[in-house]
Amino acid sequence: MKFHIMTLFPGMVMNALSESITGRAMGSGAISVEAVNIRDYANNKHNKVDDYTYGGGAGMLMQADPVYLCYEDITKDLSAPPRVVYLTPQGSTYDQNMAKEFSKEEDIILLCGHYEGIDERVLEEIVTDYVSIGDYVLTGGELAAMVIVDSVSRLCPGVLSNSDSPDVESFSDGLLEYPQYSRPEVWHGKRVPEVLLSGDHAKVDEWRHEMALVRTMDRRFDLYKKYVLSHPDEFIPKKSRRKKRKKD
Ligand code: ADE
């Protein structure tokens, strides 16, 4: 999978993605990431890429031409027009299903905006998906693009080693993941739940599923409701295990 990131801050994305699992995946060739500087396509003396908005209002807008020229340069050698994801708070909210969908692409362009956004005309011509990573406003699309590269690349073949790759993870069956424990058996007076030491795999699976349900009910009631509706025959615990917060 090849990620092409259109940005004014290539160093920001490349520095972060060169670390840890994404860095290793780039090293092994399981993914490739290139950050292309939109400013290199400015075609003016001061490499200026922004200008005032027609109709007035505060703030500057990224101009259409540098964005389009950058897009043309990235796509000139590709066999088919790729998906172009514009990172914006006005997009559809990103989730694991979108990550799965994106991971099937051969090439994907992630377009990062800055200032007040990008001239609408170039967006109309090149963008296929408008994606937000949540209902808050970032200073630019770079952090959102990194979120997408990270979450998509871990779904690509050869990126996660067996030890990185969980059997079960949050969202894989519509539930959050159950709590997990490692050594020591007692920490700060808290024991690892007895069932996990029993060696009874069926019981362990049952306990984990129940904990996943309870956790989802406590933390993401929206997901819990969806799960209950789509599993009408399953016995579902109705009681929260959340500890009440002590009042000061
Ligand atoms: N750019 C600015 N805010 C954003 C957000 N919430 N998601 C994606 N891109 C953004």
# chains A, B, ... in the order shown; residues from 1 in each chain; ligands from 1
call {"tool": "residues_near_ligand", "arguments": {"ligand": "ligand 1", "cutoff": "7 Å", "atoms": "only C-alpha atoms and all ligand atoms", "output": "list of chain:residue names"}}
result
A:Leu87, A:Thr88, A:Pro89, A:Gly113, A:Val131, A:Ser132, A:Ile133, A:Gly134, A:Asp135, A:Tyr136, A:Val137, A:Leu138, A:Thr139, A:Gly140, A:Gly141, A:Ala144
call {"tool": "write_last_selection", "arguments": {"atoms": "C-alpha atoms", "output": "mmCIF file, in the first residue's frame"}}
result
data_model
loop_
_atom_site.group_PDB
_atom_site.id
_atom_site.type_symbol
_atom_site.label_atom_id
_atom_site.label_comp_id
_atom_site.auth_asym_id
_atom_site.auth_seq_id
_atom_site.Cartn_x
_atom_site.Cartn_y
_atom_site.Cartn_z
ATOM 1 C CA LEU A 87 -8.905 15.622 5.978
ATOM 2 C CA THR A 88 -11.431 18.121 7.266
ATOM 3 C CA PRO A 89 -13.717 18.549 10.280
ATOM 4 C CA GLY A 113 -5.438 21.512 4.537
ATOM 5 C CA VAL A 131 -12.951 12.518 6.319
ATOM 6 C CA SER A 132 -12.885 13.921 9.865
ATOM 7 C CA ILE A 133 -11.200 12.173 12.783
ATOM 8 C CA GLY A 134 -13.613 13.693 15.313
ATOM 9 C CA ASP A 135 -15.729 16.683 16.190
ATOM 10 C CA TYR A 136 -12.963 19.121 17.049
ATOM 11 C CA VAL A 137 -10.811 21.425 14.960
ATOM 12 C CA LEU A 138 -7.095 20.764 14.447
ATOM 13 C CA THR A 139 -4.637 23.350 13.138
ATOM 14 C CA GLY A 140 -4.189 21.266 9.985
ATOM 15 C CA GLY A 141 -4.875 17.867 8.469
ATOM 16 C CA ALA A 144 -5.500 13.294 10.980
#
call {"tool": "residues_around", "arguments": {"residues": "Ser32 of chain A", "least_positions_apart": "5", "cutoff": "9 Å", "atoms": "only C-alpha atoms", "output": "list of chain:residue names"}}
result
A:Met1, A:Lys2, A:Phe3, A:His4, A:Ala25, A:Met26, A:Gly27
call {"tool": "write_last_selection", "arguments": {"atoms": "all heavy atoms", "output": "PDB file, in the first residue's frame"}}
result
ATOM      1  N   MET A   1       0.850  -1.201   0.000  1.00  0.00           N
ATOM      2  CA  MET A   1       0.000   0.000   0.000  1.00  0.00           C
ATOM      3  C   MET A   1       0.879   1.243   0.000  1.00  0.00           C
ATOM      4  O   MET A   1       1.823   1.329   0.768  1.00  0.00           O
ATOM      5  CB  MET A   1      -0.846  -0.062   1.271  1.00  0.00           C
ATOM      6  CG  MET A   1      -1.555   1.207   1.625  1.00  0.00           C
ATOM      7  SD  MET A   1      -3.306   0.943   1.479  1.00  0.00           S
ATOM      8  CE  MET A   1      -3.895   2.574   1.243  1.00  0.00           C
ATOM      9  N   LYS A   2       0.529   2.178  -0.874  1.00  0.00           N
ATOM     10  CA  LYS A   2       1.330   3.412  -0.935  1.00  0.00           C
ATOM     11  C   LYS A   2       0.484   4.601  -0.474  1.00  0.00           C
ATOM     12  O   LYS A   2      -0.583   4.867  -1.037  1.00  0.00           O
ATOM     13  CB  LYS A   2       1.781   3.665  -2.374  1.00  0.00           C
ATOM     14  CG  LYS A   2       2.734   2.624  -2.904  1.00  0.00           C
ATOM     15  CD  LYS A   2       3.412   3.137  -4.185  1.00  0.00           C
ATOM     16  CE  LYS A   2       4.258   2.047  -4.785  1.00  0.00           C
ATOM     17  NZ  LYS A   2       3.677   1.472  -6.011  1.00  0.00           N
ATOM     18  N   PHE A   3       0.986   5.292   0.526  1.00  0.00           N
ATOM     19  CA  PHE A   3       0.322   6.510   1.010  1.00  0.00           C
ATOM     20  C   PHE A   3       1.060   7.710   0.430  1.00  0.00           C
ATOM     21  O   PHE A   3       2.285   7.807   0.566  1.00  0.00           O
ATOM     22  CB  PHE A   3       0.410   6.599   2.538  1.00  0.00           C
ATOM     23  CG  PHE A   3      -0.263   5.471   3.262  1.00  0.00           C
ATOM     24  CD1 PHE A   3       0.452   4.334   3.628  1.00  0.00           C
ATOM     25  CD2 PHE A   3      -1.605   5.542   3.600  1.00  0.00           C
ATOM     26  CE1 PHE A   3      -0.155   3.289   4.308  1.00  0.00           C
ATOM     27  CE2 PHE A   3      -2.226   4.509   4.286  1.00  0.00           C
ATOM     28  CZ  PHE A   3      -1.493   3.378   4.645  1.00  0.00           C
ATOM     29  N   HIS A   4       0.325   8.615  -0.203  1.00  0.00           N
ATOM     30  CA  HIS A   4       0.917   9.856  -0.714  1.00  0.00           C
ATOM     31  C   HIS A   4       0.262  10.987   0.083  1.00  0.00           C
ATOM     32  O   HIS A   4      -0.963  11.161  -0.007  1.00  0.00           O
ATOM     33  CB  HIS A   4       0.605  10.046  -2.196  1.00  0.00           C
ATOM     34  CG  HIS A   4       0.897   8.827  -3.030  1.00  0.00           C
ATOM     35  ND1 HIS A   4       2.088   8.669  -3.704  1.00  0.00           N
ATOM     36  CD2 HIS A   4       0.150   7.723  -3.298  1.00  0.00           C
ATOM     37  CE1 HIS A   4       2.054   7.503  -4.365  1.00  0.00           C
ATOM     38  NE2 HIS A   4       0.902   6.917  -4.121  1.00  0.00           N
ATOM     39  N   ALA A  25       7.484  -0.929   9.056  1.00  0.00           N
ATOM     40  CA  ALA A  25       6.764  -1.365   7.842  1.00  0.00           C
ATOM     41  C   ALA A  25       7.299  -0.632   6.611  1.00  0.00           C
ATOM     42  O   ALA A  25       7.364  -1.199   5.524  1.00  0.00           O
ATOM     43  CB  ALA A  25       5.272  -1.121   8.000  1.00  0.00           C
ATOM     44  N   MET A  26       7.685   0.628   6.796  1.00  0.00           N
ATOM     45  CA  MET A  26       8.284   1.358   5.670  1.00  0.00           C
ATOM     46  C   MET A  26       9.637   0.741   5.325  1.00  0.00           C
ATOM     47  O   MET A  26       9.981   0.578   4.157  1.00  0.00           O
ATOM     48  CB  MET A  26       8.461   2.841   6.039  1.00  0.00           C
ATOM     49  CG  MET A  26       7.168   3.621   6.007  1.00  0.00           C
ATOM     50  SD  MET A  26       7.237   5.143   6.971  1.00  0.00           S
ATOM     51  CE  MET A  26       8.308   6.128   5.999  1.00  0.00           C
ATOM     52  N   GLY A  27      10.391   0.371   6.352  1.00  0.00           N
ATOM     53  CA  GLY A  27      11.710  -0.224   6.152  1.00  0.00           C
ATOM     54  C   GLY A  27      11.631  -1.562   5.414  1.00  0.00           C
ATOM     55  O   GLY A  27      12.458  -1.856   4.553  1.00  0.00           O
TER      56      GLY A  27
END
call {"tool": "closest_residue", "arguments": {"among": "A:Pro10, A:Gly174, A:Pro157, A:Pro81", "to": "Ala145 of chain A", "atoms": "only C-alpha atoms"}}
result
A:Pro10
call {"tool": "closest_residue", "arguments": {"among": "A:Ser151, A:Ser18, A:Ser165, A:Asn44", "to": "Ala99 of chain A", "atoms": "only C-alpha atoms"}}
result
A:Ser151
call {"tool": "closest_residue", "arguments": {"among": "A:Ile108, A:Leu175, A:Val13, A:Leu155", "to": "Thr216 of chain A", "atoms": "only C-alpha atoms"}}
result
A:Leu175
call {"tool": "closest_residue", "arguments": {"among": "A:Met146, A:Val168, A:Val122, A:Leu197", "to": "Ala35 of chain A", "atoms": "only C-alpha atoms"}}
result
A:Met146
call {"tool": "closest_atom_pairs", "arguments": {"of": "segment 119-184 of chain A", "to": "segment 49-72 of chain A", "cutoff": "12 Å", "atoms": "only C-alpha atoms", "output": "Markdown table"}}
result
| residue | atom | partner | partner_atom | distance |
| --- | --- | --- | --- | --- |
| A:Asp119 | CA | A:Ala64 | CA | 5.4 |
| A:Glu120 | CA | A:Ala64 | CA | 7.8 |
| A:Arg121 | CA | A:Ala64 | CA | 6.8 |
| A:Val122 | CA | A:Ala64 | CA | 5.2 |
| A:Leu123 | CA | A:Ala64 | CA | 8.1 |
| A:Glu124 | CA | A:Ala64 | CA | 10.4 |
| A:Glu125 | CA | A:Tyr68 | CA | 8.7 |
| A:Ile126 | CA | A:Tyr68 | CA | 7.9 |
| A:Val127 | CA | A:Tyr71 | CA | 10.2 |
| A:Gly140 | CA | A:Met62 | CA | 11.6 |
call {"tool": "residues_around", "arguments": {"residues": "Val228 of chain A", "least_positions_apart": "5", "cutoff": "12 Å", "atoms": "only C-alpha atoms", "output": "MDAnalysis selection string"}}
result
chainID A and resid 173:175 213:214 216:217 221:223 233:238
call {"tool": "write_last_selection", "arguments": {"atoms": "N, CA and C atoms", "output": "PDB file, in the first residue's frame"}}
result
ATOM      1  N   ASP A 173     -15.706  -7.208  16.632  1.00  0.00           N
ATOM      2  CA  ASP A 173     -17.050  -7.790  16.599  1.00  0.00           C
ATOM      3  C   ASP A 173     -18.093  -6.787  17.079  1.00  0.00           C
ATOM      4  N   GLY A 174     -17.766  -5.507  16.968  1.00  0.00           N
ATOM      5  CA  GLY A 174     -18.714  -4.460  17.378  1.00  0.00           C
ATOM      6  C   GLY A 174     -18.631  -4.134  18.863  1.00  0.00           C
ATOM      7  N   LEU A 175     -17.696  -4.779  19.581  1.00  0.00           N
ATOM      8  CA  LEU A 175     -17.548  -4.521  21.028  1.00  0.00           C
ATOM      9  C   LEU A 175     -16.142  -3.999  21.329  1.00  0.00           C
ATOM     10  N   LEU A 213     -18.750  -6.993  26.832  1.00  0.00           N
ATOM     11  CA  LEU A 213     -20.097  -6.412  26.818  1.00  0.00           C
ATOM     12  C   LEU A 213     -20.249  -5.333  27.884  1.00  0.00           C
ATOM     13  N   VAL A 214     -19.768  -5.656  29.080  1.00  0.00           N
ATOM     14  CA  VAL A 214     -19.920  -4.721  30.196  1.00  0.00           C
ATOM     15  C   VAL A 214     -19.122  -3.437  29.919  1.00  0.00           C
ATOM     16  N   THR A 216     -18.254  -2.243  27.029  1.00  0.00           N
ATOM     17  CA  THR A 216     -18.885  -1.485  25.933  1.00  0.00           C
ATOM     18  C   THR A 216     -20.108  -0.739  26.459  1.00  0.00           C
ATOM     19  N   MET A 217     -20.869  -1.401  27.357  1.00  0.00           N
ATOM     20  CA  MET A 217     -22.046  -0.738  27.938  1.00  0.00           C
ATOM     21  C   MET A 217     -21.617   0.492  28.747  1.00  0.00           C
ATOM     22  N   PHE A 221     -22.073   3.378  25.061  1.00  0.00           N
ATOM     23  CA  PHE A 221     -23.435   2.865  25.057  1.00  0.00           C
ATOM     24  C   PHE A 221     -24.010   2.810  23.639  1.00  0.00           C
ATOM     25  N   ASP A 222     -23.528   3.693  22.749  1.00  0.00           N
ATOM     26  CA  ASP A 222     -24.003   3.680  21.356  1.00  0.00           C
ATOM     27  C   ASP A 222     -23.660   2.337  20.687  1.00  0.00           C
ATOM     28  N   LEU A 223     -22.435   1.848  20.900  1.00  0.00           N
ATOM     29  CA  LEU A 223     -22.026   0.559  20.311  1.00  0.00           C
ATOM     30  C   LEU A 223     -22.772  -0.601  20.974  1.00  0.00           C
ATOM     31  N   ASP A 233     -30.757 -13.063  20.188  1.00  0.00           N
ATOM     32  CA  ASP A 233     -30.869 -14.335  20.917  1.00  0.00           C
ATOM     33  C   ASP A 233     -29.832 -14.498  22.022  1.00  0.00           C
ATOM     34  N   GLU A 234     -28.951 -13.542  22.137  1.00  0.00           N
ATOM     35  CA  GLU A 234     -27.864 -13.706  23.108  1.00  0.00           C
ATOM     36  C   GLU A 234     -28.274 -13.178  24.479  1.00  0.00           C
ATOM     37  N   PHE A 235     -27.867 -13.904  25.543  1.00  0.00           N
ATOM     38  CA  PHE A 235     -28.091 -13.356  26.885  1.00  0.00           C
ATOM     39  C   PHE A 235     -27.095 -12.214  27.108  1.00  0.00           C
ATOM     40  N   ILE A 236     -27.628 -11.054  27.442  1.00  0.00           N
ATOM     41  CA  ILE A 236     -26.753  -9.883  27.583  1.00  0.00           C
ATOM     42  C   ILE A 236     -26.832  -9.358  29.010  1.00  0.00           C
ATOM     43  N   PRO A 237     -25.717  -9.241  29.717  1.00  0.00           N
ATOM     44  CA  PRO A 237     -25.781  -8.675  31.071  1.00  0.00           C
ATOM     45  C   PRO A 237     -26.239  -7.220  31.001  1.00  0.00           C
ATOM     46  N   LYS A 238     -27.099  -6.857  31.936  1.00  0.00           N
ATOM     47  CA  LYS A 238     -27.669  -5.513  31.859  1.00  0.00           C
ATOM     48  C   LYS A 238     -27.055  -4.568  32.895  1.00  0.00           C
TER      49      LYS A 238
END
call {"tool": "select_by_dssp", "arguments": {"residues": "segment 23-239 of chain A", "states": "helix (DSSP H, G or I)", "output": "PyMOL selection string"}}
result
chain A and resi 23-28+38-41+64-75+96-102+120-126+142-153+194-197+201-219+221-230
call {"tool": "write_last_selection", "arguments": {"atoms": "C-alpha atoms", "output": "short mmCIF file (atom, residue, chain, number, x, y, z; two decimals), in the first residue's frame"}}
result
data_model
loop_
_atom_site.label_atom_id
_atom_site.label_comp_id
_atom_site.auth_asym_id
_atom_site.auth_seq_id
_atom_site.Cartn_x
_atom_site.Cartn_y
_atom_site.Cartn_z
CA GLY A 23 8.62 2.97 10.52
CA ARG A 24 9.42 -0.73 10.49
CA ALA A 25 6.76 -1.36 7.84
CA MET A 26 8.28 1.36 5.67
CA GLY A 27 11.71 -0.22 6.15
CA SER A 28 10.50 -3.69 5.11
CA ILE A 38 2.46 21.45 -1.81
CA ARG A 39 4.65 24.56 -1.51
CA ASP A 40 7.00 23.10 -4.13
CA TYR A 41 4.20 23.67 -6.67
CA ALA A 64 -6.33 25.74 -6.08
CA ASP A 65 -3.35 25.71 -8.42
CA PRO A 66 -0.50 24.45 -6.17
CA VAL A 67 -2.80 21.74 -4.81
CA TYR A 68 -3.80 20.66 -8.32
CA LEU A 69 -0.24 20.67 -9.68
CA CYS A 70 0.92 18.59 -6.73
CA TYR A 71 -1.94 16.12 -7.33
CA GLU A 72 -1.05 15.88 -11.04
CA ASP A 73 2.57 15.17 -10.22
CA ILE A 74 1.69 12.38 -7.77
CA THR A 75 -0.84 10.74 -10.10
CA GLN A 96 -12.52 1.03 11.75
CA ASN A 97 -14.78 0.16 8.79
CA MET A 98 -13.32 3.05 6.80
CA ALA A 99 -9.82 1.90 7.77
CA LYS A 100 -10.65 -1.58 6.41
CA GLU A 101 -12.00 -0.10 3.19
CA PHE A 102 -8.94 2.13 2.67
CA GLU A 120 -13.54 24.60 -3.26
CA ARG A 121 -12.95 24.26 -7.00
CA VAL A 122 -9.90 22.03 -6.69
CA LEU A 123 -11.60 19.95 -4.00
CA GLU A 124 -14.50 19.37 -6.42
CA GLU A 125 -12.06 18.14 -9.07
CA ILE A 126 -9.85 15.78 -7.11
CA GLU A 142 -1.45 16.32 9.23
CA LEU A 143 -2.33 14.69 12.55
CA ALA A 144 -5.50 13.29 10.98
CA ALA A 145 -3.49 11.94 8.02
CA MET A 146 -1.11 10.24 10.45
CA VAL A 147 -4.06 8.64 12.24
CA ILE A 148 -5.22 7.23 8.93
CA VAL A 149 -1.77 5.95 7.88
CA ASP A 150 -1.29 4.30 11.27
CA SER A 151 -4.70 2.63 11.48
CA VAL A 152 -4.78 1.55 7.81
CA SER A 153 -1.23 0.24 7.65
CA GLU A 194 -9.36 -16.10 39.17
CA VAL A 195 -10.90 -17.45 35.97
CA LEU A 196 -7.84 -16.33 33.95
CA LEU A 197 -5.63 -18.62 36.07
CA HIS A 201 -10.39 -21.95 27.95
CA ALA A 202 -14.15 -22.09 27.51
CA LYS A 203 -14.66 -20.29 30.83
CA VAL A 204 -11.97 -17.73 29.95
CA ASP A 205 -13.69 -17.00 26.59
CA GLU A 206 -17.06 -16.66 28.29
CA TRP A 207 -15.65 -14.27 30.92
CA ARG A 208 -13.89 -12.19 28.27
CA HIS A 209 -17.03 -11.87 26.20
CA GLU A 210 -19.03 -10.80 29.23
CA MET A 211 -16.36 -8.24 30.17
CA ALA A 212 -16.33 -6.91 26.60
CA LEU A 213 -20.10 -6.41 26.82
CA VAL A 214 -19.92 -4.72 30.20
CA ARG A 215 -17.06 -2.47 29.13
CA THR A 216 -18.89 -1.49 25.93
CA MET A 217 -22.05 -0.74 27.94
CA ASP A 218 -20.07 1.44 30.37
CA ARG A 219 -17.92 3.31 27.91
CA PHE A 221 -23.44 2.86 25.06
CA ASP A 222 -24.00 3.68 21.36
CA LEU A 223 -22.03 0.56 20.31
CA TYR A 224 -23.63 -1.54 23.05
CA LYS A 225 -27.15 -0.70 21.81
CA LYS A 226 -26.17 -1.65 18.24
CA TYR A 227 -24.70 -4.95 19.46
CA VAL A 228 -27.79 -5.85 21.51
CA LEU A 229 -30.10 -5.14 18.56
CA SER A 230 -28.03 -7.28 16.21
#
call {"tool": "atom_distance", "arguments": {"atom1": "atom CA of Ser172 of chain A", "atom2": "atom CA of Gly199 of chain A"}}
result
24.7 Å
call {"tool": "select_by_dssp", "arguments": {"residues": "segment 59-202 of chain A", "states": "strand (DSSP E)", "output": "list in words"}}
result
Met60, Leu61, Met62, Arg83, Val84, Val85, Tyr86, Leu87, Thr88, Pro89, Gln90, Gly91, Ser92, Thr93, Asp107, Ile108, Ile109, Leu110, Leu111, Cys112, Asp129, Tyr130, Val131, Ser132, Val186, Trp187, Lys190 and Arg191 of chain A
call {"tool": "closest_residue", "arguments": {"among": "A:Tyr94, A:Arg154, A:Tyr86, A:Asn47", "to": "Ala30 of chain A", "atoms": "only C-alpha atoms"}}
result
A:Arg154
call {"tool": "decode", "arguments": {"residues": "segment 3-22 of chain A", "atoms": "N, CA and C atoms", "output": "short mmCIF file (atom, residue, chain, number, x, y, z; two decimals), in the first residue's frame"}}
result
data_model
loop_
_atom_site.label_atom_id
_atom_site.label_comp_id
_atom_site.auth_asym_id
_atom_site.auth_seq_id
_atom_site.Cartn_x
_atom_site.Cartn_y
_atom_site.Cartn_z
N PHE A 3 0.99 5.29 0.53
CA PHE A 3 0.32 6.51 1.01
C PHE A 3 1.06 7.71 0.43
N HIS A 4 0.33 8.62 -0.20
CA HIS A 4 0.92 9.86 -0.71
C HIS A 4 0.26 10.99 0.08
N ILE A 5 1.06 11.70 0.86
CA ILE A 5 0.48 12.74 1.72
C ILE A 5 0.80 14.11 1.14
N MET A 6 -0.23 14.85 0.78
CA MET A 6 -0.05 16.21 0.26
C MET A 6 -0.14 17.17 1.45
N THR A 7 0.94 17.89 1.70
CA THR A 7 1.04 18.66 2.95
C THR A 7 1.96 19.87 2.79
N LEU A 8 1.81 20.82 3.68
CA LEU A 8 2.78 21.92 3.76
C LEU A 8 3.87 21.59 4.77
N PHE A 9 3.72 20.50 5.50
CA PHE A 9 4.69 20.15 6.55
C PHE A 9 5.14 18.68 6.44
N PRO A 10 5.88 18.37 5.37
CA PRO A 10 6.27 16.96 5.16
C PRO A 10 7.10 16.40 6.31
N GLY A 11 7.95 17.24 6.91
CA GLY A 11 8.80 16.76 8.01
C GLY A 11 7.97 16.28 9.18
N MET A 12 6.88 16.97 9.45
CA MET A 12 6.02 16.62 10.59
C MET A 12 5.50 15.18 10.44
N VAL A 13 4.98 14.85 9.26
CA VAL A 13 4.41 13.52 9.11
C VAL A 13 5.50 12.45 8.98
N MET A 14 6.56 12.75 8.23
CA MET A 14 7.58 11.72 8.03
C MET A 14 8.30 11.40 9.34
N ASN A 15 8.57 12.43 10.15
CA ASN A 15 9.25 12.17 11.43
C ASN A 15 8.43 11.24 12.30
N ALA A 16 7.15 11.51 12.41
CA ALA A 16 6.32 10.69 13.30
C ALA A 16 6.14 9.27 12.74
N LEU A 17 5.90 9.17 11.43
CA LEU A 17 5.59 7.85 10.87
C LEU A 17 6.83 6.97 10.72
N SER A 18 8.02 7.59 10.81
CA SER A 18 9.24 6.79 10.69
C SER A 18 9.56 6.02 11.97
N GLU A 19 8.81 6.26 13.03
CA GLU A 19 9.03 5.56 14.30
C GLU A 19 8.17 4.29 14.37
N SER A 20 8.54 3.40 15.29
CA SER A 20 7.68 2.29 15.72
C SER A 20 7.21 1.39 14.56
N ILE A 21 5.98 0.93 14.63
CA ILE A 21 5.51 -0.10 13.68
C ILE A 21 5.43 0.44 12.25
N THR A 22 4.96 1.68 12.09
CA THR A 22 4.88 2.23 10.72
C THR A 22 6.29 2.40 10.14
#
